[in-house]
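Source file: query.cif. Holds: mmCIF, C-alpha atoms.
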```cif
data_coords
loop_
_atom_site.label_atom_id
_atom_site.label_comp_id
_atom_site.auth_asym_id
_atom_site.auth_seq_id
_atom_site.Cartn_x
_atom_site.Cartn_y
_atom_site.Cartn_z
CA MET A 1 15.54 14.72 18.21
CA SER A 2 13.77 11.44 18.64
CA ILE A 3 16.04 8.51 17.83
CA SER A 4 13.17 6.49 16.47
CA GLU A 5 10.87 8.77 14.48
CA ILE A 6 10.98 11.55 11.91
CA LEU A 7 7.90 13.76 11.71
CA ARG A 8 7.12 16.44 9.16
CA GLU A 9 3.98 18.45 8.47
CA VAL A 10 3.52 20.51 5.34
CA ASP A 11 0.58 22.46 3.93
CA LEU A 12 0.06 22.05 0.21
CA PRO A 13 -2.13 24.30 -1.97
CA HIS A 14 -4.03 21.42 -3.58
CA PRO A 15 -7.04 19.36 -2.51
CA PRO A 16 -6.28 15.96 -0.86
CA GLU A 17 -7.48 14.08 -3.95
CA HIS A 18 -4.82 15.83 -6.03
CA VAL A 19 -2.03 15.26 -3.48
CA TRP A 20 -3.05 11.61 -3.20
CA ARG A 21 -2.33 11.05 -6.88
CA ALA A 22 1.38 11.57 -6.18
CA PHE A 23 1.25 8.43 -3.98
CA ALA A 24 -1.16 6.36 -6.04
CA SER A 25 1.00 4.98 -8.86
CA SER A 26 4.51 3.85 -9.64
CA ALA A 27 4.98 6.58 -12.27
CA GLU A 28 3.85 9.36 -9.93
CA LEU A 29 6.10 8.16 -7.09
CA ALA A 30 9.02 7.90 -9.49
CA ALA A 31 8.44 11.49 -10.63
CA TRP A 32 9.20 13.01 -7.22
CA LEU A 33 10.67 10.26 -5.03
CA MET A 34 12.55 7.30 -6.55
CA PRO A 35 12.26 4.67 -9.31
CA ASN A 36 10.05 1.85 -8.03
CA ASP A 37 7.69 -0.99 -8.92
CA PHE A 38 4.88 0.06 -6.57
CA THR A 39 1.39 -1.36 -7.00
CA PRO A 40 -1.52 0.24 -5.13
CA GLU A 41 -2.70 -2.79 -3.20
CA VAL A 42 -2.43 -3.68 0.49
CA GLY A 43 0.03 -6.54 0.90
CA ALA A 44 1.88 -5.83 -2.37
CA GLU A 45 5.65 -5.93 -2.06
CA PHE A 46 7.80 -3.54 -4.05
CA THR A 47 11.18 -1.78 -4.06
CA PHE A 48 12.54 1.71 -4.42
CA ARG A 49 15.94 1.92 -6.09
CA THR A 50 18.55 4.55 -5.47
CA ASP A 51 22.32 4.94 -5.26
CA PRO A 52 24.13 2.55 -2.91
CA ALA A 53 25.81 4.01 0.18
CA PRO A 54 28.00 2.48 2.90
CA GLY A 55 25.88 -0.17 4.65
CA PHE A 56 23.11 0.17 2.08
CA ASP A 57 22.83 -1.58 -1.31
CA GLY A 58 20.55 1.12 -2.71
CA ILE A 59 17.40 -1.02 -2.58
CA VAL A 60 14.54 -0.11 -0.25
CA HIS A 61 12.29 -3.14 0.34
CA CYS A 62 8.69 -2.16 0.94
CA GLU A 63 5.24 -3.59 1.47
CA VAL A 64 2.00 -1.67 1.17
CA LEU A 65 0.42 -1.71 4.65
CA GLU A 66 -2.41 0.75 4.13
CA PHE A 67 -3.89 2.33 1.01
CA ASP A 68 -6.93 4.42 1.91
CA PRO A 69 -7.49 7.21 -0.65
CA PRO A 70 -7.23 10.12 -0.08
CA ARG A 71 -6.37 9.79 3.59
CA MET A 72 -3.69 7.32 4.55
CA TRP A 73 -0.77 5.71 2.74
CA GLN A 74 1.51 3.45 4.71
CA ILE A 75 4.40 1.19 3.73
CA SER A 76 7.11 -0.77 5.45
CA TRP A 77 10.57 0.57 4.58
CA VAL A 78 13.54 -1.76 4.97
CA ALA A 79 16.86 -0.35 3.77
CA GLY A 80 20.15 -1.78 4.93
CA LYS A 81 19.94 -1.94 8.71
CA VAL A 82 16.92 0.33 8.82
CA ASP A 83 13.60 -1.42 9.63
CA THR A 84 10.96 1.26 9.50
CA VAL A 85 7.40 2.25 8.65
CA LEU A 86 6.57 5.26 6.52
CA THR A 87 3.12 6.78 7.01
CA ILE A 88 1.61 9.61 4.99
CA THR A 89 -1.69 11.07 6.15
CA LEU A 90 -3.62 13.72 4.26
CA ALA A 91 -6.26 15.96 5.81
CA PRO A 92 -8.22 18.83 4.27
CA ALA A 93 -6.86 22.20 5.44
CA PRO A 94 -7.85 25.79 4.60
CA GLY A 95 -6.53 26.37 1.08
CA GLY A 96 -5.58 22.76 0.43
CA THR A 97 -4.14 19.78 2.29
CA ARG A 98 -2.11 19.19 5.40
CA LEU A 99 0.32 16.35 4.74
CA ARG A 100 1.83 14.59 7.73
CA LEU A 101 4.84 12.34 7.20
CA SER A 102 6.00 9.89 9.86
CA HIS A 103 9.04 7.71 9.28
CA ALA A 104 9.15 5.62 12.41
CA GLY A 105 10.98 2.73 13.97
CA PHE A 106 14.68 3.49 13.47
CA GLY A 107 16.39 0.83 15.54
CA ALA A 108 12.94 -0.27 16.61
CA GLY A 109 11.89 -3.26 14.52
CA SER A 110 9.89 -4.75 17.37
CA LEU A 111 7.59 -1.73 17.35
CA LEU A 112 5.88 -3.02 14.22
CA PRO A 113 3.56 -5.68 15.71
CA ARG A 114 2.48 -3.27 18.45
CA VAL A 115 1.72 -0.50 15.98
CA ILE A 116 -0.34 -2.90 13.90
CA LEU A 117 -2.27 -4.32 16.84
CA GLY A 118 -2.95 -0.79 18.06
CA MET A 119 -4.48 0.11 14.73
CA GLY A 120 -6.63 -2.99 14.51
CA TRP A 121 -5.14 -4.13 11.26
CA LYS A 122 -6.11 -7.18 9.34
CA ARG A 123 -4.82 -10.36 10.86
CA LYS A 124 -3.43 -11.53 7.55
CA VAL A 125 -1.14 -8.53 7.29
CA LEU A 126 -0.04 -8.99 10.87
CA TRP A 127 0.91 -12.62 10.34
CA LYS A 128 2.78 -11.74 7.19
CA LEU A 129 4.73 -9.10 9.04
CA GLU A 130 5.50 -11.40 11.92
CA ASP A 131 6.88 -13.96 9.48
CA TRP A 132 8.89 -11.26 7.87
CA LEU A 133 10.25 -10.02 11.18
CA ARG A 134 11.23 -13.56 12.12
CA GLU A 135 13.02 -14.05 8.82
CA GLU A 136 14.86 -10.77 9.27
CA GLY A 137 15.92 -12.07 12.68
CA MET B 138 33.42 -8.05 24.73
CA LYS B 139 31.32 -9.31 21.81
CA GLN B 140 30.43 -6.59 19.33
CA GLU B 141 26.66 -5.94 18.97
CA ASP B 142 24.86 -4.19 16.14
CA PRO B 143 23.47 -0.95 17.60
CA PHE B 144 20.36 -1.22 15.42
CA LYS B 145 19.61 -4.70 16.75
CA ALA B 146 20.36 -3.55 20.29
CA LEU B 147 17.78 -0.79 19.94
CA ALA B 148 15.16 -3.15 18.51
CA ASP B 149 14.24 -4.10 22.09
CA PRO B 150 11.73 -1.80 23.86
CA THR B 151 13.37 -2.25 27.28
CA ARG B 152 16.74 -1.24 25.88
CA ARG B 153 15.15 1.77 24.18
CA ALA B 154 13.61 2.73 27.55
CA ILE B 155 17.07 2.50 29.15
CA MET B 156 18.52 4.69 26.39
CA ASP B 157 15.72 7.24 26.85
CA ARG B 158 16.49 7.44 30.57
CA LEU B 159 20.24 7.70 30.01
CA ARG B 160 19.77 10.51 27.52
CA ASP B 161 18.45 12.60 30.45
CA GLY B 162 21.73 12.04 32.27
CA PRO B 163 24.08 9.35 33.66
CA CYS B 164 22.70 6.93 36.27
CA ASN B 165 23.41 3.66 38.04
CA VAL B 166 21.58 0.34 37.90
CA SER B 167 19.34 1.17 40.91
CA ASP B 168 18.20 4.44 39.29
CA LEU B 169 17.25 2.51 36.15
CA THR B 170 15.54 -0.30 38.06
CA GLU B 171 13.31 2.27 39.79
CA VAL B 172 11.88 3.54 36.51
CA LEU B 173 11.66 0.21 34.68
CA PRO B 174 9.33 -2.74 35.34
CA ILE B 175 12.19 -5.27 35.39
CA SER B 176 14.63 -6.64 37.95
CA GLN B 177 18.05 -5.21 38.68
CA SER B 178 19.77 -8.23 37.14
CA ALA B 179 17.67 -7.83 33.97
CA VAL B 180 18.68 -4.15 33.81
CA SER B 181 22.36 -5.15 34.16
CA GLN B 182 21.99 -7.70 31.39
CA GLN B 183 20.41 -5.15 29.02
CA LEU B 184 23.12 -2.63 29.88
CA GLY B 185 25.66 -5.28 28.85
CA VAL B 186 24.05 -5.52 25.40
CA LEU B 187 23.96 -1.72 25.06
CA ARG B 188 27.62 -1.49 26.06
CA ALA B 189 28.57 -4.18 23.53
CA ALA B 190 26.76 -2.14 20.88
CA GLY B 191 28.80 0.94 21.79
CA LEU B 192 25.64 2.77 22.86
CA VAL B 193 26.40 2.98 26.59
CA SER B 194 29.62 3.50 28.51
CA GLN B 195 30.41 2.70 32.12
CA GLN B 196 32.46 4.60 34.71
CA LYS B 197 33.36 3.54 38.24
CA ASP B 198 32.58 5.90 41.11
CA GLY B 199 33.97 4.15 44.18
CA THR B 200 32.02 0.89 44.36
CA ARG B 201 29.22 2.20 42.12
CA ARG B 202 29.07 1.90 38.36
CA ILE B 203 27.66 4.89 36.51
CA TYR B 204 26.24 4.44 33.03
CA SER B 205 25.89 7.09 30.33
CA VAL B 206 25.18 7.40 26.61
CA ASP B 207 28.25 6.62 24.53
CA GLY B 208 28.82 8.66 21.42
CA ALA B 209 30.18 5.99 19.05
CA GLY B 210 27.29 3.58 18.46
CA PHE B 211 24.69 6.21 19.16
CA SER B 212 26.02 8.55 16.50
CA GLN B 213 25.82 5.72 13.95
CA VAL B 214 22.08 5.49 14.61
CA ARG B 215 21.73 9.28 14.77
CA ASP B 216 23.54 9.68 11.44
CA TRP B 217 21.08 7.29 9.79
CA VAL B 218 18.14 9.24 11.17
CA GLY B 219 19.81 12.55 10.29
CA SER B 220 20.37 11.49 6.68
CA TYR B 221 16.69 10.50 6.44
CA GLU B 222 15.62 13.90 7.82
CA THR B 223 17.48 15.58 4.95
CA PHE B 224 16.11 12.99 2.53
CA TRP B 225 12.50 13.77 3.48
CA ASP B 226 12.98 17.54 3.56
CA ASP B 227 14.28 17.31 -0.02
CA GLY B 228 11.59 14.77 -0.96
CA LEU B 229 8.76 17.00 0.28
CA ASP B 230 10.23 19.94 -1.64
CA ARG B 231 10.22 17.81 -4.79
CA LEU B 232 6.65 16.68 -4.06
CA ARG B 233 5.54 20.30 -3.75
CA ALA B 234 7.19 21.19 -7.08
CA HIS B 235 5.75 18.07 -8.73
CA LEU B 236 2.20 18.85 -7.56
CA GLY B 237 2.55 22.41 -8.85
CA LYS B 238 3.53 21.13 -12.28
CA GLY B 239 0.75 18.59 -12.45
CA ARG B 240 -1.99 21.05 -11.51
CA ASN B 241 -5.05 20.83 -13.76
#
```

Turn the structure described in the file into structure tokens.
Amino acid sequence: MSISEILREVDLPHPPEHVWRAFASSAELAAWLMPNDFTPEVGAEFTFRTDPAPGFDGIVHCEVLEFDPPRMWQISWVAGKVDTVLTITLAPAPGGTRLRLSHAGFGAGSLLPRVILGMGWKRKVLWKLEDWLREEG
Amino acid sequence: MKQEDPFKALADPTRRAIMDRLRDGPCNVSDLTEVLPISQSAVSQQLGVLRAAGLVSQQKDGTRRIYSVDGAGFSQVRDWVGSYETFWDDGLDRLRAHLGKGRN
């Protein structure tokens, strides 16, 4: 098991456009994941709320990093001591969609700027994240 | 020894590289210096941080010091990752059920 990344791949019997809808609004995300105040806009900050646990107040702090329907959905995911990035990619597959989930960066906060540079992301987002990383210390 | 947060200790790529090497088996500072692009004293310093975080333990073999992965701090990190594995397996099951319901 990698100590820094969780990977899952599942095939779903629906077209990517249909699967995407489950990630495209606050109400849809709440229906299968957690209550949240998500807005579908790159740079938007939001939270997921769940039950507290030891070392975790139950609030997941997120920022939309990528919103590219119906292909790529990416958010930062900061919960307790966990500084991570969650990436969902959808690709057409025979009979539906292949969904790939990557939850990366456990104990690896400094990976973020490298990931972003590697993907050629917008400078604005990068600066924002660097500020955020500095604040988080 | 000052206590370090294992999550913060692992936020550094060099320290993660040391952990990756130690997960293959115990080694000494020279072994680690060979596979890393940093000096022996830098390796020793990073090992100090990893030890303070409870991620690495040290044994003496004559005059040599042998380093290996320590269960305590490492299992704290592993437990976090493990709980998220379960979380996402359940989450994807719920997503599948949700998509089935919402089918037009």

When the PyMOL selection byres ((chain A and resi 95-98) around 9) is applied to the file above, which residues end up in the set, as a PyMOL selection string? chain A and resi 9-16+19+89-94+99-100

Residue IDs satisfying the PyMOL selection byres ((chain B and resi 185) around 12), as a PyMOL selection string: chain B and resi 138-141+146+152+155+166+178-184+186-195+204

For chain B, list the residues within 12 Å of chain A, counting only C-alpha atoms, and write the list as number ranges by chain. B: 142-154, 156-157, 160, 192, 210-241

Need the axis-aligned box for region 216-234 of chain B with 6 Å each side, so what are the centre and edges in Å to one decimal, as lines of an AutoDock Vina configuration file?
```
center_x = 14.5
center_y = 14.2
center_z = 2.2
size_x = 30.0
size_y = 25.9
size_z = 30.5
```

Figure out the distance between CA of Trp77 (chain A) and CA of Phe56 (chain A), please, to one decimal in Å.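 Pair CA of Phe56 (chain A) / CA of Trp77 (chain A) returns 12.8 Å.
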
What is the distance, in Å and to one decimal place, between CA of Met72 (chain A) and CA of Arg49 (chain A)?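 Calculated distance between CA of Met72 (chain A) and CA of Arg49 (chain A) is 23.0 Å.
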
Separation of CA of Ala44 (chain A) and CA of Ala27 (chain A), in Å?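 Value for the CA of Ala44 (chain A)-CA of Ala27 (chain A) distance: 16.2 Å.
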
Give me the result of the PyMOL selection byres ((chain B and resi 164) around 6) on this file, residue by residue, as a list in words. Pro163, Asn165, Asp168, Ile203 and Tyr204 of chain B

Create the file for the chosen residues now, containing C-alpha atoms and written as a CSV table (one decimal), keeping the file's coordinate frame.
```csv
chain,number,residue,atom,x,y,z
B,163,PRO,CA,24.1,9.4,33.7
B,165,ASN,CA,23.4,3.7,38.0
B,168,ASP,CA,18.2,4.4,39.3
B,203,ILE,CA,27.7,4.9,36.5
B,204,TYR,CA,26.2,4.4,33.0
```
